$ cat run28.cif   # mmCIF, C-alpha atoms
data_coords
#
loop_
_atom_site.label_atom_id
_atom_site.label_comp_id
_atom_site.auth_asym_id
_atom_site.auth_seq_id
_atom_site.Cartn_x
_atom_site.Cartn_y
_atom_site.Cartn_z
CA MET A 90 62.63 74.23 -22.07
CA ASN A 91 59.71 72.80 -24.01
CA LEU A 92 61.70 73.06 -27.24
CA LYS A 93 64.58 71.12 -25.69
CA PHE A 94 62.19 68.48 -24.43
CA ALA A 95 60.60 68.13 -27.85
CA LEU A 96 64.00 67.79 -29.50
CA ALA A 97 64.96 65.13 -26.97
CA LEU A 98 61.80 63.16 -27.78
CA ILE A 99 62.53 63.40 -31.50
CA LEU A 100 66.08 62.18 -31.00
CA LEU A 101 64.88 59.37 -28.74
CA SER A 102 62.30 58.29 -31.32
CA ALA A 103 64.87 58.39 -34.08
CA SER A 104 67.25 56.33 -31.98
CA ALA A 105 64.55 53.75 -31.26
CA ALA A 106 63.63 53.54 -34.94
CA ALA A 107 67.26 53.05 -35.86
CA ALA A 108 67.55 50.25 -33.32
CA ALA A 109 64.45 48.42 -34.61
CA THR A 110 64.90 45.35 -36.80
CA GLU A 111 62.58 44.97 -39.79
CA LEU A 112 61.95 41.44 -41.05
CA THR A 113 59.92 40.47 -44.10
CA TYR A 114 57.55 37.53 -43.80
CA ALA A 115 56.37 35.90 -47.04
CA SER A 116 53.51 33.46 -47.61
CA PRO A 117 51.86 32.00 -50.73
CA TYR A 118 48.44 32.46 -49.09
CA GLY A 119 46.23 35.54 -48.99
CA PRO A 120 45.94 37.58 -45.78
CA ASN A 121 42.59 36.04 -44.76
CA HIS A 122 43.50 32.37 -45.20
CA PRO A 123 43.48 30.47 -41.85
CA PHE A 124 47.25 30.01 -42.04
CA SER A 125 47.65 33.75 -42.55
CA LEU A 126 45.34 34.57 -39.64
CA ALA A 127 47.66 32.48 -37.47
CA ASP A 128 50.65 34.27 -39.01
CA ARG A 129 49.10 37.61 -38.11
CA THR A 130 48.64 36.46 -34.50
CA TRP A 131 52.33 35.57 -34.44
CA ILE A 132 53.34 38.92 -35.98
CA HIS A 133 51.37 40.86 -33.37
CA TRP A 134 52.81 38.79 -30.53
CA VAL A 135 56.41 39.21 -31.71
CA GLU A 136 56.07 42.96 -32.12
CA GLN A 137 54.40 43.34 -28.71
CA ARG A 138 56.82 41.02 -26.92
CA SER A 139 59.85 42.79 -28.40
CA GLY A 140 58.49 46.19 -27.44
CA GLY A 141 58.52 47.21 -31.08
CA ARG A 142 62.16 46.29 -31.51
CA LEU A 143 61.14 43.67 -34.09
CA HIS A 144 58.89 44.81 -36.92
CA ILE A 145 57.46 42.16 -39.25
CA VAL A 146 56.40 43.19 -42.76
CA PRO A 147 54.05 40.55 -44.26
CA ILE A 148 53.96 39.92 -48.00
CA TRP A 149 50.99 37.73 -48.90
CA ALA A 150 49.62 35.74 -51.83
CA GLY A 151 52.86 34.43 -53.29
CA ALA A 152 54.20 37.85 -54.23
CA LEU A 153 57.65 36.93 -52.92
CA LEU A 154 58.00 33.19 -52.22
CA SER A 155 56.85 30.26 -54.37
CA SER A 156 55.11 27.19 -52.98
CA ASP A 157 57.61 24.58 -54.16
CA GLN A 158 60.94 26.46 -53.99
CA SER A 159 60.49 28.43 -50.78
CA MET A 160 63.24 26.59 -48.88
CA LEU A 161 65.79 27.47 -51.56
CA GLU A 162 64.48 31.02 -51.83
CA LEU A 163 64.79 31.59 -48.09
CA ARG A 164 68.36 30.28 -48.13
CA HIS A 165 69.05 32.96 -50.74
CA HIS A 166 67.32 35.67 -48.66
CA VAL A 167 64.39 36.35 -50.96
CA ALA A 168 62.57 36.98 -47.67
CA ASP A 169 63.73 37.01 -44.07
CA ILE A 170 61.07 34.59 -42.82
CA GLY A 171 58.70 32.48 -44.87
CA LEU A 172 56.17 29.70 -45.06
CA ILE A 173 57.91 26.55 -46.29
CA THR A 174 56.43 23.30 -47.57
CA PRO A 175 59.19 20.67 -47.68
CA ILE A 176 56.54 18.05 -48.43
CA TYR A 177 56.14 19.67 -51.88
CA THR A 178 59.80 20.43 -52.52
CA ARG A 179 61.14 18.63 -55.57
CA GLY A 180 64.42 17.55 -54.03
CA GLY A 181 66.58 17.74 -50.94
CA ALA A 182 63.91 16.91 -48.35
CA GLN A 183 63.28 13.24 -49.03
CA LEU A 184 62.99 12.05 -45.43
CA ILE A 185 60.86 15.01 -44.34
CA ARG A 186 58.49 14.35 -47.25
CA THR A 187 58.37 10.61 -46.60
CA GLN A 188 57.93 10.78 -42.83
CA ALA A 189 54.74 12.80 -43.35
CA GLY A 190 53.19 9.44 -44.28
CA PHE A 191 54.02 7.81 -40.93
CA TYR A 192 51.35 9.50 -38.77
CA ASP A 193 48.36 7.15 -38.85
CA GLY A 194 46.93 7.35 -35.34
CA ALA A 195 48.11 10.92 -34.65
CA ARG A 196 44.77 12.67 -34.96
CA SER A 197 45.29 16.07 -33.37
CA PHE A 198 47.52 18.99 -34.36
CA ALA A 199 49.33 18.84 -31.03
CA GLN A 200 49.99 15.10 -31.34
CA GLN A 201 51.35 15.54 -34.85
CA VAL A 202 53.71 18.37 -33.89
CA ALA A 203 54.99 16.53 -30.82
CA MET A 204 55.51 13.39 -32.88
CA TYR A 205 57.45 15.30 -35.55
CA ARG A 206 59.82 16.61 -32.89
CA CYS A 207 60.40 13.06 -31.65
CA LEU A 208 61.22 11.86 -35.16
CA GLU A 209 63.41 14.86 -35.89
CA ALA A 210 65.44 14.28 -32.74
CA SER A 211 65.97 10.63 -33.67
CA SER A 212 67.75 11.17 -37.00
CA PRO A 213 70.47 13.61 -38.13
CA GLU A 214 69.01 13.44 -41.65
CA PHE A 215 66.35 15.99 -40.70
CA ALA A 216 69.03 18.55 -39.86
CA ARG A 217 70.88 17.79 -43.10
CA GLU A 218 67.75 18.37 -45.15
CA LEU A 219 67.07 21.62 -43.28
CA ASN A 220 70.67 22.80 -43.55
CA GLY A 221 70.82 26.58 -43.86
CA LEU A 222 67.37 27.07 -42.33
CA THR A 223 66.26 27.74 -38.77
CA VAL A 224 62.75 26.42 -38.16
CA LEU A 225 60.39 28.80 -36.37
CA ALA A 226 57.26 26.64 -36.33
CA VAL A 227 56.13 23.09 -37.08
CA GLN A 228 52.68 22.52 -38.54
CA GLY A 229 50.19 19.71 -38.26
CA GLY A 230 46.55 19.88 -39.28
CA THR A 231 43.10 18.41 -39.36
CA LEU A 232 42.58 15.08 -41.11
CA PRO A 233 41.77 15.40 -44.82
CA GLY A 234 39.05 13.62 -46.75
CA VAL A 235 38.45 13.18 -50.48
CA LEU A 236 36.66 16.03 -52.24
CA THR A 237 35.39 15.31 -55.78
CA ARG A 238 33.81 17.48 -58.46
CA THR A 239 30.98 15.36 -59.81
CA ARG A 240 31.49 11.71 -58.83
CA ARG A 241 29.95 10.62 -55.53
CA VAL A 242 32.56 8.34 -53.94
CA THR A 243 31.52 5.89 -51.23
CA THR A 244 34.21 3.19 -51.55
CA LEU A 245 37.91 3.00 -52.30
CA ASP A 246 37.07 1.30 -55.60
CA GLY A 247 35.14 4.43 -56.54
CA LEU A 248 38.44 6.32 -56.79
CA ARG A 249 39.46 4.30 -59.85
CA GLY A 250 40.14 6.48 -62.87
CA LEU A 251 39.89 9.79 -60.99
CA ARG A 252 42.65 12.38 -61.38
CA ILE A 253 43.22 13.53 -57.81
CA ARG A 254 45.61 16.05 -56.34
CA ALA A 255 47.22 14.45 -53.29
CA PRO A 256 50.22 14.92 -51.00
CA THR A 257 53.35 12.95 -51.77
CA GLU A 258 52.79 10.30 -49.13
CA LEU A 259 49.46 9.26 -50.71
CA LEU A 260 50.56 8.91 -54.31
CA GLY A 261 51.41 5.21 -54.02
CA VAL A 262 48.18 4.31 -52.22
CA LEU A 263 46.04 6.10 -54.77
CA ARG A 264 47.87 4.51 -57.69
CA GLU A 265 47.29 1.10 -56.12
CA LEU A 266 43.59 1.91 -55.99
CA GLY A 267 43.55 2.76 -59.69
CA ALA A 268 43.40 6.55 -59.34
CA ASP A 269 45.62 8.99 -61.21
CA PRO A 270 47.22 11.05 -58.41
CA VAL A 271 49.11 14.26 -59.13
CA GLU A 272 51.15 16.70 -57.08
CA MET A 273 50.60 20.42 -57.39
CA PRO A 274 50.66 23.44 -55.07
CA MET A 275 47.34 23.82 -53.28
CA GLY A 276 47.01 27.34 -54.65
CA ASP A 277 46.64 25.88 -58.17
CA VAL A 278 43.93 23.36 -57.30
CA TYR A 279 40.87 25.63 -57.56
CA SER A 280 41.45 26.47 -61.21
CA ALA A 281 42.32 22.83 -62.00
CA LEU A 282 39.04 21.67 -60.46
CA ALA A 283 37.07 24.41 -62.18
CA LYS A 284 38.49 23.46 -65.58
CA GLY A 285 38.06 19.73 -65.05
CA VAL A 286 41.81 19.15 -65.13
CA LEU A 287 41.36 17.50 -61.72
CA ASP A 288 38.47 15.28 -60.66
CA GLY A 289 39.19 15.73 -56.99
CA VAL A 290 41.58 16.62 -54.23
CA VAL A 291 42.64 15.12 -50.91
CA ALA A 292 42.04 18.04 -48.56
CA PRO A 293 40.51 18.94 -45.19
CA ALA A 294 37.06 20.49 -45.01
CA ASP A 295 38.42 23.95 -44.24
CA THR A 296 39.38 24.30 -47.93
CA LEU A 297 35.69 24.40 -48.84
CA ARG A 298 35.75 27.97 -47.59
CA SER A 299 39.38 29.05 -47.29
CA LEU A 300 40.23 28.04 -50.87
CA HIS A 301 36.62 28.26 -52.19
CA PHE A 302 36.56 24.58 -53.20
CA ALA A 303 32.81 24.40 -52.41
CA GLU A 304 32.29 26.39 -55.61
CA VAL A 305 33.88 23.76 -57.84
CA ALA A 306 33.46 20.38 -56.09
CA LYS A 307 30.28 18.92 -54.61
CA HIS A 308 31.05 15.62 -52.85
CA PHE A 309 33.18 15.25 -49.72
CA TRP A 310 33.91 11.64 -48.77
CA GLN A 311 34.84 11.67 -45.08
CA LEU A 312 37.54 9.04 -45.27
CA GLU A 313 40.04 9.87 -42.51
CA VAL A 314 43.35 10.35 -44.26
CA PRO A 315 46.31 10.61 -41.84
CA ARG A 316 48.05 13.95 -41.74
CA GLY A 317 51.75 14.35 -41.01
CA ALA A 318 53.56 17.28 -39.45
CA TYR A 319 56.46 19.13 -41.04
CA PRO A 320 58.55 22.29 -40.50
CA ALA A 321 56.41 25.08 -41.94
CA ARG A 322 57.89 28.46 -40.99
CA ALA A 323 61.61 29.24 -41.20
CA MET A 324 64.35 31.75 -41.87
CA ALA A 325 67.86 31.48 -43.24
CA THR A 326 70.24 30.41 -40.49
CA ASP A 327 72.82 33.07 -41.35
CA ARG A 328 70.08 35.72 -41.04
CA TRP A 329 69.05 34.19 -37.73
CA GLN A 330 72.60 34.39 -36.45
CA ARG A 331 72.84 38.07 -37.32
CA LEU A 332 69.92 38.86 -35.00
CA SER A 333 70.67 39.97 -31.47
CA ALA A 334 70.41 37.45 -28.67
CA ASP A 335 67.30 39.26 -27.40
CA ASP A 336 65.62 39.08 -30.80
CA ARG A 337 66.41 35.38 -31.14
CA ALA A 338 64.95 34.80 -27.68
CA VAL A 339 61.68 36.48 -28.71
CA LEU A 340 61.40 34.40 -31.89
CA THR A 341 62.22 31.22 -29.98
CA ALA A 342 59.51 31.95 -27.42
CA ALA A 343 57.12 32.71 -30.29
CA ARG A 344 57.31 29.17 -31.68
CA SER A 345 54.67 27.83 -29.32
CA VAL A 346 52.51 30.92 -29.94
CA TRP A 347 52.66 30.37 -33.70
CA GLU A 348 51.89 26.66 -33.44
CA GLN A 349 48.97 27.24 -31.07
CA ALA A 350 47.58 29.90 -33.40
CA LEU A 351 47.84 27.50 -36.35
CA ASP A 352 46.05 24.82 -34.33
CA THR A 353 43.27 27.20 -33.31
CA GLN A 354 42.77 28.59 -36.79
CA THR A 355 42.74 25.22 -38.54
CA GLN A 356 40.15 23.82 -36.14
CA ALA A 357 37.94 26.88 -36.54
CA ALA A 358 38.38 26.73 -40.30
CA VAL A 359 37.07 23.16 -40.47
CA GLN A 360 33.81 24.19 -38.81
CA SER A 361 33.53 27.19 -41.07
CA GLY A 362 34.37 25.12 -44.15
CA GLN A 363 31.73 22.50 -43.36
CA ALA A 364 29.12 25.22 -42.89
CA MET A 365 30.07 26.84 -46.19
CA GLY A 366 30.01 23.47 -47.93
CA ARG A 367 26.48 22.71 -46.75
CA LEU A 368 25.37 26.19 -47.76
CA GLN A 369 26.69 25.64 -51.28
CA GLY A 370 25.28 22.16 -51.67
CA VAL A 371 28.30 19.98 -50.92
CA GLU A 372 27.30 16.45 -49.92
CA PHE A 373 29.21 14.97 -46.95
CA VAL A 374 29.45 11.19 -47.29
CA PRO A 375 30.66 9.16 -44.26
CA ALA A 376 33.19 6.37 -44.76
CA THR A 377 32.23 2.97 -43.42
CA PRO A 378 34.47 1.29 -40.83
CA GLU A 379 35.29 -1.42 -43.38
CA GLN A 380 36.48 1.09 -45.99
CA GLN A 381 38.46 3.00 -43.37
CA ALA A 382 40.17 -0.17 -42.13
CA ARG A 383 41.07 -1.19 -45.69
CA PHE A 384 42.52 2.25 -46.39
CA ASP A 385 44.52 2.25 -43.14
CA GLU A 386 46.08 -1.10 -44.06
CA LEU A 387 47.05 0.12 -47.54
CA TYR A 388 48.42 3.33 -46.02
CA GLN A 389 50.69 1.44 -43.61
CA GLN A 390 51.93 -0.89 -46.34
CA ASP A 391 52.77 2.06 -48.56
CA ALA A 392 54.59 3.84 -45.73
CA ALA A 393 56.86 0.80 -45.36
CA ARG A 394 57.58 0.77 -49.11
CA ASN A 395 58.33 4.49 -49.12
CA ALA A 396 60.71 4.15 -46.18
CA LEU A 397 62.56 1.35 -47.94
CA ALA A 398 62.75 3.35 -51.19
CA LEU A 399 64.86 6.04 -49.51
CA ARG A 400 67.81 3.67 -49.58
CA ARG A 401 68.48 4.97 -53.09
CA TYR A 402 69.44 8.28 -51.45
CA ASP A 403 71.52 6.53 -48.77
CA ILE A 404 68.85 7.49 -46.24
CA SER A 405 67.87 4.94 -43.62
CA ALA A 406 64.19 5.64 -42.91
CA ASN A 407 63.22 2.30 -41.38
CA GLU A 408 64.35 3.44 -37.93
CA THR A 409 62.21 6.56 -38.29
CA LEU A 410 59.21 4.47 -39.35
CA THR A 411 59.72 2.02 -36.48
CA LEU A 412 59.81 4.88 -33.97
CA ALA A 413 56.76 6.46 -35.60
CA ARG A 414 54.77 3.25 -35.19
CA ARG A 415 55.80 2.94 -31.58
CA ILE A 416 54.63 6.51 -30.99
CA THR A 417 51.30 6.07 -32.75
CA ASP A 418 50.69 2.80 -30.88
CA GLY A 419 51.31 4.79 -27.69
CA ILE A 420 48.87 7.48 -28.82
CA ARG A 421 46.18 4.86 -29.38
CA ARG A 422 46.78 3.45 -25.90
CA THR A 423 47.18 6.66 -23.89
CA GLY A 424 46.24 9.60 -26.12
CA SER A 425 49.61 11.21 -25.58
CA VAL A 426 52.97 11.32 -27.39
CA SER A 427 56.04 9.71 -25.85
CA CYS A 428 59.30 9.83 -27.78
CA GLY A 429 60.47 6.80 -25.88
CA ALA A 430 57.34 4.76 -26.56
CA ASN A 431 57.90 1.07 -25.95
CA PRO A 432 57.53 -1.46 -28.75
#
$ encode --input "run28.cif" --output "structure tokens"
Amino acid sequence: MNLKFALALILLSASAAAAATELTYASPYGPNHPFSLADRTWIHWVEQRSGGRLHIVPIWAGALLSSDQSMLELRHHVADIGLITPIYTRGGAQLIRTQAGFYDGARSFAQQVAMYRCLEASSPEFARELNGLTVLAVQGGTLPGVLTRTRRVTTLDGLRGLRIRAPTELLGVLRELGADPVEMPMGDVYSALAKGVLDGVVAPADTLRSLHFAEVAKHFWQLEVPRGAYPARAMATDRWQRLSADDRAVLTAARSVWEQALDTQTQAAVQSGQAMGRLQGVEFVPATPEQQARFDELYQQDAARNALALRRYDISANETLTLARRITDGIRRTGSVSCGANP
């Protein structure tokens, strides 16, 4: 009797294992980066919620997906699920890259994510640029400042001549200020700063610890640089469609869990990064209201130019920018995001 019972348990376990779905998750970041800590929260939640039916195998530190080609790689099933950065993609995501520069006034992670969903719903171009991918989480973040190696910056004019790594939406503003902005994956910035290839980077304070920037740069100018949201975790749509309805329901429910974990981890990382920076001698320099106001004006002017420039791709971005400004005006008035914000 006991032997029969044991055999039944073995068969039941084998059947359960056969029914489980294993999904790889790939990220360019190491397992202890704040983004990865949020990813691990999501992995645990998915496995628990599915009762073990879904098993996520993480592959960290860029061993599987690249930073700038991850959308293409996911479409070709290099991994089942991955961290994507359309704001760094060389082509095919022009509106998603450009709209990341429309968020002045959206200060919190939650506001940024809600605003992205409003913009995405307003234009079919977002879906075209994400064709072949199913988005599992949208990411916002804390507001960056300007971190420099050796030059103490206190004004916008002090950026002149500096080679600074910056996101796409800031390239025009920095050029106008006389800086030499460059794009590169964030994972390459540490070595570029250490070697003097870069003079600085536009980045939030969490990078002082999470990416060890406090070791190679010593001045953090606390200019509040707007931060846009973008789709940041995804899987190939054909792989999504092959999942069972129950598995898709779990991953759909997990979107809010993943986004909340990202919000929590990025906020905690800023506090930790500031503490690490002070410990390693980083100077934090406040921006004056006058310098902030001048930067905000330049930022808005550049956003309008960037929206207009998308006409070369037959993309109408002015409607997206107009809606974005209505939403951010509403945020300033009420603190909340309304997709139908009045002009």
$ resolve_selection --input "run28.cif" --expression "the PyMOL selection byres ((chain A and resi 348-359) around 7)" --output "list of chain:residue names"
A:Pro123, A:Phe124, A:Ala127, A:Thr130, A:Phe198, A:Ala226, A:Val227, A:Gln228, A:Gly230, A:Thr231, A:Ala294, A:Asp295, A:Arg344, A:Ser345, A:Val346, A:Trp347, A:Gln360, A:Ser361, A:Gly362, A:Gln363
$ closest_residue --input "run28.cif" --among "A:Gly267, A:Gly221, A:Gly119, A:Gly141" --to "A:Ala325" --atoms "only C-alpha atoms"
A:Gly221
$ atom_distance --input "run28.cif" --atom1 "atom CA of A:Arg238" --atom2 "atom CA of A:Val305"
6.3 Å
$ resolve_selection --input "run28.cif" --expression "the PyMOL selection byres ((chain A and resi 279) around 12)" --output "PyMOL selection string"
chain A and resi 236-238+254+273-278+280-290+292+296-306
$ resolve_selection --input "run28.cif" --expression "the PyMOL selection byres ((chain A and resi 259) around 10)" --output "count of residues only"
23
$ residues_around --input "run28.cif" --residues "A:Thr110" --least-positions-apart "6" --cutoff "10 Å" --atoms "only C-alpha atoms" --output "PyMOL selection string"
chain A and resi 141-145+332-333+336
$ closest_residue --input "run28.cif" --among "A:Arg414, A:His165, A:Arg196, A:Arg186" --to "A:Asn395" --atoms "only C-alpha atoms"
A:Arg186
$ atom_distance --input "run28.cif" --atom1 "atom CA of A:Tyr118" --atom2 "atom CA of A:Ala152"
9.4 Å
$ residues_around --input "run28.cif" --residues "A:Phe309" --least-positions-apart "2" --cutoff "8 Å" --atoms "all atoms listed in the file" --output "VMD selection string"
chain A and resid 234 to 237 307 311 371 to 374
$ residues_around --input "run28.cif" --residues "A:Gln200" --least-positions-apart "5" --cutoff "8 Å" --atoms "all atoms listed in the file" --output "VMD selection string"
chain A and resid 195 425 to 426
$ closest_residue --input "run28.cif" --among "A:Pro233, A:Pro213, A:Pro175, A:Pro120" --to "A:Pro320" --atoms "only C-alpha atoms"
A:Pro175
$ closest_residue --input "run28.cif" --among "A:Asp193, A:Asp157, A:Asp169, A:Glu214" --to "A:Leu399" --atoms "all atoms listed in the file"
A:Glu214
$ closest_residue --input "run28.cif" --among "A:Val202, A:Leu312, A:Ile404, A:Cys207" --to "A:Ser427" --atoms "only C-alpha atoms"
A:Cys207
$ residues_around --input "run28.cif" --residues "A:Ser139" --least-positions-apart "5" --cutoff "12 Å" --atoms "all atoms listed in the file" --output "PyMOL selection string"
chain A and resi 108-111+132-134+144-145+333-343
